[in-house]
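Trainee: Dropping in entry.cif, which is mmCIF, C-alpha atoms:
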```cif
data_run
loop_
_atom_site.label_atom_id
_atom_site.label_comp_id
_atom_site.auth_asym_id
_atom_site.auth_seq_id
_atom_site.Cartn_x
_atom_site.Cartn_y
_atom_site.Cartn_z
CA MET A 1 0.00 0.00 0.00
CA ALA A 2 2.93 2.32 0.49
CA GLU A 3 3.40 2.34 -3.26
CA THR A 4 -0.18 3.33 -4.05
CA THR A 5 -1.04 5.80 -1.30
CA GLY A 6 0.68 8.61 0.52
CA GLN A 7 1.72 8.18 4.14
CA LEU A 8 1.27 10.32 7.24
CA SER A 9 4.13 10.49 9.73
CA GLY A 10 2.11 8.23 12.01
CA GLY A 11 1.77 5.60 9.29
CA ALA A 12 -1.82 6.32 8.20
CA ALA A 13 -2.39 6.41 4.46
CA VAL A 14 -3.74 9.58 2.87
CA PRO A 15 -4.20 10.63 -0.76
CA SER A 16 -1.74 13.11 -2.17
CA ALA A 17 -2.78 16.63 -3.09
CA ARG A 18 -2.29 15.77 -6.74
CA ASN A 19 -4.76 12.86 -6.45
CA ALA A 20 -7.30 15.05 -4.66
CA THR A 21 -7.13 17.60 -7.47
CA GLY A 22 -7.43 14.89 -10.12
CA ALA A 23 -10.35 13.29 -8.32
CA LEU A 24 -12.12 16.65 -8.11
CA ILE A 25 -11.68 17.23 -11.85
CA ILE A 26 -13.07 13.77 -12.62
CA LEU A 27 -15.97 14.47 -10.24
CA LEU A 28 -16.82 17.65 -12.14
CA LEU A 29 -16.48 15.75 -15.42
CA ALA A 30 -18.98 13.17 -14.14
CA PHE A 31 -21.64 15.87 -13.84
CA ALA A 32 -20.59 17.92 -16.87
CA PRO A 33 -23.56 16.93 -19.12
CA GLN A 34 -26.05 17.78 -16.37
CA LEU A 35 -24.33 21.09 -15.70
CA VAL A 36 -24.31 21.97 -19.40
CA GLU A 37 -28.01 21.23 -19.71
CA LEU A 38 -28.67 23.30 -16.59
CA ALA A 39 -26.74 26.21 -18.12
CA ILE A 40 -28.75 25.91 -21.34
CA SER A 41 -32.01 25.83 -19.38
CA LEU A 42 -30.95 28.97 -17.53
CA ALA A 43 -30.22 30.61 -20.88
CA SER A 44 -33.69 29.51 -21.99
CA LEU A 45 -35.14 31.99 -19.54
CA VAL A 46 -34.05 34.63 -22.07
CA ALA A 47 -34.25 32.68 -25.36
CA THR A 48 -36.05 29.41 -26.13
CA LEU A 49 -33.23 26.86 -26.19
CA SER A 50 -34.47 24.05 -23.97
CA ALA A 51 -37.86 22.43 -23.43
CA ARG A 52 -37.18 22.03 -19.69
CA SER A 53 -36.92 24.71 -17.05
CA PRO A 54 -33.93 24.82 -14.66
CA LEU A 55 -36.07 23.34 -11.89
CA GLN A 56 -37.17 20.49 -14.15
CA VAL A 57 -33.55 19.80 -15.15
CA VAL A 58 -32.37 19.66 -11.53
CA SER A 59 -35.30 17.50 -10.37
CA ALA A 60 -35.07 15.12 -13.34
CA HIS A 61 -31.33 14.51 -13.01
CA GLY A 62 -31.52 14.33 -9.23
CA ALA A 63 -34.25 11.71 -9.43
CA ALA A 64 -32.27 9.82 -12.09
CA LEU A 65 -29.18 9.67 -9.87
CA VAL A 66 -31.22 8.23 -7.01
CA GLU A 67 -33.70 5.99 -8.83
CA SER A 68 -31.91 4.73 -11.98
CA LEU A 69 -30.02 1.83 -10.40
CA PRO A 70 -33.01 0.50 -8.38
CA ALA A 71 -35.20 0.83 -11.48
CA LEU A 72 -32.66 -1.11 -13.56
CA LEU A 73 -32.43 -3.90 -10.98
CA ARG A 74 -36.23 -4.05 -10.65
CA GLN A 75 -36.81 -4.32 -14.39
CA TRP A 76 -34.01 -6.84 -14.75
CA GLY A 77 -35.47 -8.94 -11.93
CA ASP A 78 -38.94 -8.86 -13.52
CA GLY A 79 -37.46 -10.32 -16.69
CA GLY A 80 -39.13 -7.80 -18.97
CA LYS A 81 -37.66 -5.36 -21.43
CA ILE A 82 -35.49 -2.73 -19.77
CA THR A 83 -36.79 0.74 -20.60
CA LEU A 84 -35.15 3.72 -18.91
CA ARG A 85 -35.34 7.44 -19.60
CA SER A 86 -32.39 9.29 -21.08
CA ASP A 87 -31.61 10.94 -17.72
CA ALA A 88 -31.42 7.54 -16.03
CA LEU A 89 -29.23 6.13 -18.80
CA LEU A 90 -26.90 9.12 -18.44
CA ALA A 91 -26.51 8.37 -14.74
CA LEU A 92 -25.95 4.65 -15.30
CA ILE A 93 -23.67 4.75 -18.33
CA TYR A 94 -21.70 7.94 -17.72
CA THR A 95 -22.03 9.49 -14.25
CA TYR A 96 -21.86 6.41 -12.00
CA PRO A 97 -18.68 4.97 -13.62
CA LEU A 98 -16.90 8.33 -13.44
CA LEU A 99 -17.92 8.75 -9.79
CA ALA A 100 -16.32 5.37 -9.07
CA ILE A 101 -13.19 6.40 -10.98
CA ALA A 102 -13.05 9.69 -9.05
CA LEU A 103 -13.21 7.81 -5.74
CA PHE A 104 -10.52 5.37 -6.86
CA THR A 105 -8.35 8.27 -8.04
CA PHE A 106 -8.69 9.93 -4.64
CA LEU A 107 -7.44 6.76 -2.92
CA ALA A 108 -4.81 5.55 -5.41
CA ARG A 109 -1.44 6.98 -6.36
CA PRO A 110 -0.58 6.23 -10.00
CA ARG A 111 3.06 5.60 -10.82
CA ALA A 112 2.61 7.30 -14.20
CA PRO A 113 0.04 10.08 -13.64
CA GLN A 114 0.23 11.32 -17.22
CA ASP A 115 -0.76 7.90 -18.59
CA TYR A 116 -3.37 7.33 -15.89
CA PHE A 117 -5.27 10.58 -16.36
CA GLY A 118 -4.95 10.30 -20.13
CA GLY A 119 -6.59 6.88 -19.93
CA VAL A 120 -9.35 8.25 -17.69
CA ALA A 121 -10.02 11.03 -20.22
CA LEU A 122 -10.39 8.44 -23.00
CA MET A 123 -12.76 6.42 -20.83
CA ALA A 124 -14.88 9.52 -20.16
CA ILE A 125 -15.18 10.23 -23.88
CA ALA A 126 -16.10 6.59 -24.56
CA LEU A 127 -18.75 6.52 -21.82
CA PHE A 128 -20.31 9.71 -23.13
CA ALA A 129 -20.37 8.28 -26.66
CA LEU A 130 -22.07 5.11 -25.41
CA TRP A 131 -24.74 7.15 -23.65
CA ALA A 132 -25.26 9.41 -26.67
CA ALA A 133 -25.81 6.33 -28.85
CA SER A 134 -28.04 4.55 -26.34
CA ASP A 135 -31.28 5.65 -28.01
CA LEU A 136 -30.13 4.66 -31.51
CA SER A 137 -31.13 1.29 -32.93
CA GLY A 138 -28.43 -1.35 -33.22
CA MET A 139 -27.84 -4.20 -35.64
CA ARG A 140 -30.76 -6.02 -37.25
CA GLY A 141 -29.40 -9.31 -38.45
CA PHE A 142 -26.31 -8.45 -40.50
CA ASN A 143 -27.42 -4.87 -41.18
CA PHE A 144 -25.78 -2.03 -39.29
CA GLY A 145 -28.09 0.34 -37.48
CA PRO A 146 -27.39 4.01 -36.71
CA GLY A 147 -26.08 3.12 -33.25
CA THR A 148 -23.85 0.19 -34.23
CA ALA A 149 -20.71 2.08 -35.21
CA PRO A 150 -20.81 4.56 -32.28
CA ARG A 151 -21.22 1.68 -29.81
CA MET A 152 -18.42 -0.36 -31.35
CA LEU A 153 -16.06 2.62 -31.34
CA GLY A 154 -17.15 3.54 -27.81
CA VAL A 155 -16.42 0.04 -26.47
CA LEU A 156 -13.03 -0.03 -28.21
CA LEU A 157 -12.12 3.40 -26.89
CA LEU A 158 -13.27 2.43 -23.40
CA GLY A 159 -11.06 -0.66 -23.45
CA MET A 160 -8.08 1.31 -24.74
CA GLY A 161 -8.56 4.01 -22.10
CA ALA A 162 -8.82 1.40 -19.33
CA ALA A 163 -5.64 -0.29 -20.55
CA VAL A 164 -3.74 3.02 -20.59
CA ALA A 165 -5.01 3.86 -17.08
CA VAL A 166 -3.92 0.43 -15.75
CA ILE A 167 -0.48 0.95 -17.27
CA GLY A 168 -0.31 4.31 -15.52
CA LEU A 169 -1.09 2.59 -12.22
CA ALA A 170 1.30 -0.34 -12.56
CA THR A 171 4.40 1.04 -14.30
CA GLU A 172 6.70 3.97 -13.74
CA GLY A 173 6.18 6.84 -16.11
CA PRO A 174 6.13 10.60 -16.55
CA SER A 175 4.36 12.80 -14.05
CA LEU A 176 1.84 15.43 -15.07
CA GLN A 177 3.45 18.33 -16.86
CA VAL A 178 2.39 21.95 -16.88
CA TYR A 179 -0.87 21.74 -18.74
CA HIS A 180 -2.76 24.37 -20.69
CA TRP A 181 -6.46 23.83 -20.14
CA ARG A 182 -7.78 26.22 -22.75
CA GLY A 183 -7.73 23.81 -25.69
CA PRO A 184 -9.21 20.71 -23.98
CA LEU A 185 -11.70 22.87 -22.09
CA PHE A 186 -13.26 24.48 -25.14
CA VAL A 187 -13.11 21.30 -27.23
CA SER A 188 -14.92 19.44 -24.43
CA LEU A 189 -17.45 22.24 -24.14
CA ALA A 190 -17.99 22.09 -27.90
CA ILE A 191 -18.68 18.34 -27.77
CA LEU A 192 -21.05 18.66 -24.83
CA SER A 193 -22.85 21.65 -26.33
CA PHE A 194 -23.41 19.76 -29.58
CA ALA A 195 -24.79 16.73 -27.72
CA VAL A 196 -27.20 18.86 -25.71
CA ALA A 197 -28.21 21.31 -28.46
CA ILE A 198 -28.65 18.96 -31.42
CA ARG A 199 -32.32 18.20 -30.70
CA PRO A 200 -33.72 21.61 -29.69
CA LEU A 201 -31.58 23.67 -32.10
CA GLY A 202 -31.03 21.26 -34.99
CA LEU A 203 -27.89 20.08 -36.76
CA ILE A 204 -27.05 23.32 -38.58
CA VAL A 205 -27.03 25.59 -35.52
CA ALA A 206 -25.52 22.99 -33.16
CA ALA A 207 -22.70 22.01 -35.54
CA LEU A 208 -21.70 25.57 -36.36
CA ALA A 209 -21.89 26.67 -32.72
CA SER A 210 -19.80 23.73 -31.50
CA PHE A 211 -17.18 24.39 -34.18
CA LEU A 212 -16.91 28.03 -33.15
CA ILE A 213 -16.71 27.09 -29.47
CA SER A 214 -13.85 24.69 -30.18
CA ALA A 215 -12.07 27.47 -32.09
CA LEU A 216 -11.84 29.39 -28.81
CA GLY A 217 -9.32 26.78 -27.68
CA THR A 218 -6.40 28.66 -29.19
CA SER A 219 -5.36 32.29 -29.36
CA GLU A 220 -4.13 31.74 -32.93
CA THR A 221 -7.65 31.45 -34.37
CA ARG A 222 -8.35 33.63 -37.39
CA TRP A 223 -12.06 34.20 -37.16
CA GLY A 224 -12.69 35.03 -40.80
CA GLU A 225 -11.16 31.78 -42.01
CA THR A 226 -12.69 29.87 -39.08
CA LEU A 227 -16.19 31.08 -39.95
CA ILE A 228 -15.78 30.05 -43.60
CA VAL A 229 -14.51 26.58 -42.66
CA GLY A 230 -17.28 26.21 -40.08
CA VAL A 231 -20.00 27.06 -42.59
CA VAL A 232 -18.57 24.63 -45.16
CA LEU A 233 -18.28 21.80 -42.61
CA THR A 234 -21.78 22.49 -41.33
CA LEU A 235 -23.24 22.30 -44.82
CA GLY A 236 -21.33 19.07 -45.39
CA CYS A 237 -22.75 17.59 -42.18
CA ALA A 238 -26.25 18.75 -43.13
CA LEU A 239 -25.97 16.76 -46.36
CA LEU A 240 -24.06 13.76 -45.03
CA PHE A 241 -25.96 12.69 -41.92
CA PRO A 242 -29.66 13.13 -42.83
CA TYR A 243 -29.48 12.40 -46.58
CA VAL A 244 -26.42 10.20 -47.29
CA LEU A 245 -26.43 8.14 -44.07
CA GLY A 246 -30.15 8.47 -43.44
CA LEU A 247 -29.80 9.39 -39.76
CA PRO A 248 -32.91 11.00 -38.22
CA MET A 249 -31.26 14.28 -37.24
CA PRO A 250 -33.25 17.55 -37.22
CA LEU A 251 -31.71 20.26 -39.36
CA PHE A 252 -33.41 23.36 -37.98
CA PRO A 253 -34.37 24.63 -34.51
CA ARG A 254 -37.48 23.08 -33.05
CA PHE A 255 -39.30 26.40 -32.64
CA LEU A 256 -38.97 27.09 -36.39
CA VAL A 257 -40.44 23.80 -37.61
CA GLN A 258 -43.27 23.43 -35.10
#
```
Step by step, read the file and then write its structure as structure tokens.

Mentor:
Amino acid sequence: MAETTGQLSGGAAVPSARNATGALIILLLAFAPQLVELAISLASLVATLSARSPLQVVSAHGAALVESLPALLRQWGDGGKITLRSDALLALIYTYPLLAIALFTFLARPRAPQDYFGGVALMAIALFALWAASDLSGMRGFNFGPGTAPRMLGVLLLGMGAAVAVIGLATEGPSLQVYHWRGPLFVSLAILSFAVAIRPLGLIVAALASFLISALGTSETRWGETLIVGVVLTLGCALLFPYVLGLPMPLFPRFLVQ
């Protein structure tokens, strides 16, 4: 245990400050989708962006965190088809695993922190992808469904991330270097904003907005060129996903088509 935890002078094991900081970051990451939706619902008080009010968002996600696991066990025990709401699936697939990883990170002391936290980041992305694809249909016989490829890639990425994290725990390696958070922060915000905004705002607005948010990740962004590239990529996505791949993705904001 001396190799995996810090030690007090009296011999009691305590987590290091580095692990406490890492665990706190993972804890915030575990609730990032809920916090993003809450922020969008607060913005909806000014402009119509979300169908749920802030109070509804907080109550729905709070109930999902408490009731999702008992509901899953009850439906599994009854032997019927498991049907859970998106909020409950978010808690089960994404939030619960990251909470467990945050607790483990608080207690453990990786020998290669850079590898360990890199693996955890990959696992978080994979878990979010699995949740985002949870309401898409899978394979029917030998035919791929819309959710088949995202789930396959999510499982592969989850396994790779877990392997990298285990290597970071078991083998000596580089410690965390001075890290610039601007790039990963805005790229993560762009991914989360797209996932939350795609249904109420449609593909065109969500894709362009997420691209512009990710462009904030560097001070070298040239906004004229960035806007042109963003518009071209958005138009390409608007043609590719609904028409070429046949995915049921709304193109325009909900309040314009209702």

Trainee: How many Å lie between atom CA of Asp87 of chain A and atom CA of Pro250 of chain A, rounded to one decimal?

Mentor: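 That distance, rounded to one decimal, is 20.7 Å.
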
Trainee: Can you translate the PyMOL selection byres ((chain A and resi 25-32) around 7) into the concrete residues it hits in this file, as a list in words?

Mentor: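 The output of the PyMOL selection byres ((chain A and resi 25-32) around 7) on this file is Thr21, Gly22, Ala23, Leu24, Pro33, Gln34, Leu35, Val36, Tyr94, Thr95, Leu98, Leu99 and Ala102 of chain A.
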
Trainee: Please evaluate the PyMOL selection byres ((chain A and resi 208) around 10) against the displayed coordinates and give the resulting residues as a VMD selection string.

Mentor: chain A and resid 190 194 203 to 207 209 to 213 227 229 to 235 237

Trainee: Report as a PDB file with C-alpha atoms, keeping the file's coordinate frame the full result of the PyMOL selection byres ((chain A and resi 182-184) around 10) when it is applied to this structure.

Mentor:
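So out.pdb came out as:
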```pdb
ATOM      1  CA  TYR A 179      -0.870  21.740 -18.740  1.00  0.00           C
ATOM      2  CA  HIS A 180      -2.760  24.370 -20.690  1.00  0.00           C
ATOM      3  CA  TRP A 181      -6.460  23.830 -20.140  1.00  0.00           C
ATOM      4  CA  LEU A 185     -11.700  22.870 -22.090  1.00  0.00           C
ATOM      5  CA  PHE A 186     -13.260  24.480 -25.140  1.00  0.00           C
ATOM      6  CA  VAL A 187     -13.110  21.300 -27.230  1.00  0.00           C
ATOM      7  CA  SER A 188     -14.920  19.440 -24.430  1.00  0.00           C
ATOM      8  CA  LEU A 189     -17.450  22.240 -24.140  1.00  0.00           C
ATOM      9  CA  ALA A 190     -17.990  22.090 -27.900  1.00  0.00           C
ATOM     10  CA  SER A 214     -13.850  24.690 -30.180  1.00  0.00           C
ATOM     11  CA  ALA A 215     -12.070  27.470 -32.090  1.00  0.00           C
ATOM     12  CA  LEU A 216     -11.840  29.390 -28.810  1.00  0.00           C
ATOM     13  CA  GLY A 217      -9.320  26.780 -27.680  1.00  0.00           C
ATOM     14  CA  THR A 218      -6.400  28.660 -29.190  1.00  0.00           C
ATOM     15  CA  SER A 219      -5.360  32.290 -29.360  1.00  0.00           C
TER      16      SER A 219
END
```

Trainee: Quick one: everything within 10 Å of segment 112-117 of chain A, counting only C-alpha atoms, minus sequence neighbours fewer than 5 positions away in the same chain. Send it as a list of chain:residue names.

Mentor: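 Selected residues are A:Arg18, A:Asn19, A:Gly22, A:Ala23, A:Ile26, A:Thr105, A:Leu122, A:Met123, A:Gly161, A:Ala162, A:Ala163, A:Val164, A:Ala165, A:Val166, A:Ile167, A:Gly168, A:Leu169, A:Ala170, A:Thr171, A:Glu172, A:Gly173, A:Pro174, A:Ser175, A:Leu176, A:Gln177.
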
Trainee: Please report the interatomic distance between atom CA of Ala71 of chain A and atom CA of Leu84 of chain A in Å with one decimal.

Mentor: 8.0 Å

Trainee: I want to know what sits within 10 Å of Ile93 of chain A, based on all atoms listed in the file, with residues of the same chain fewer than 2 positions away left out; could you give that as a PyMOL selection string?

Mentor: chain A and resi 88-91+95-98+126-132+134

Trainee: Let's have the selection written as a PDB file, in the coordinates of the input, with C-alpha atoms.

Mentor:
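part_8.pdb, freshly written:
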```pdb
ATOM      1  CA  ALA A  88     -31.420   7.540 -16.030  1.00  0.00           C
ATOM      2  CA  LEU A  89     -29.230   6.130 -18.800  1.00  0.00           C
ATOM      3  CA  LEU A  90     -26.900   9.120 -18.440  1.00  0.00           C
ATOM      4  CA  ALA A  91     -26.510   8.370 -14.740  1.00  0.00           C
ATOM      5  CA  THR A  95     -22.030   9.490 -14.250  1.00  0.00           C
ATOM      6  CA  TYR A  96     -21.860   6.410 -12.000  1.00  0.00           C
ATOM      7  CA  PRO A  97     -18.680   4.970 -13.620  1.00  0.00           C
ATOM      8  CA  LEU A  98     -16.900   8.330 -13.440  1.00  0.00           C
ATOM      9  CA  ALA A 126     -16.100   6.590 -24.560  1.00  0.00           C
ATOM     10  CA  LEU A 127     -18.750   6.520 -21.820  1.00  0.00           C
ATOM     11  CA  PHE A 128     -20.310   9.710 -23.130  1.00  0.00           C
ATOM     12  CA  ALA A 129     -20.370   8.280 -26.660  1.00  0.00           C
ATOM     13  CA  LEU A 130     -22.070   5.110 -25.410  1.00  0.00           C
ATOM     14  CA  TRP A 131     -24.740   7.150 -23.650  1.00  0.00           C
ATOM     15  CA  ALA A 132     -25.260   9.410 -26.670  1.00  0.00           C
ATOM     16  CA  SER A 134     -28.040   4.550 -26.340  1.00  0.00           C
TER      17      SER A 134
END
```

Trainee: Using all atoms listed in the file, pick whichever of A:Ala20, A:Val120, A:Leu251, A:Leu38 has the shortest atom-to-atom distance to Leu107 of chain A.

Mentor: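 Checking each candidate against Leu107 of chain A, we get A:Ala20 as the closest.
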
Trainee: Suppose you want the space between atom CA of Leu158 of chain A and atom CA of Pro146 of chain A; what is it in Å?

Mentor: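 Taking atom CA of Leu158 of chain A and atom CA of Pro146 of chain A, their separation equals 19.5 Å.
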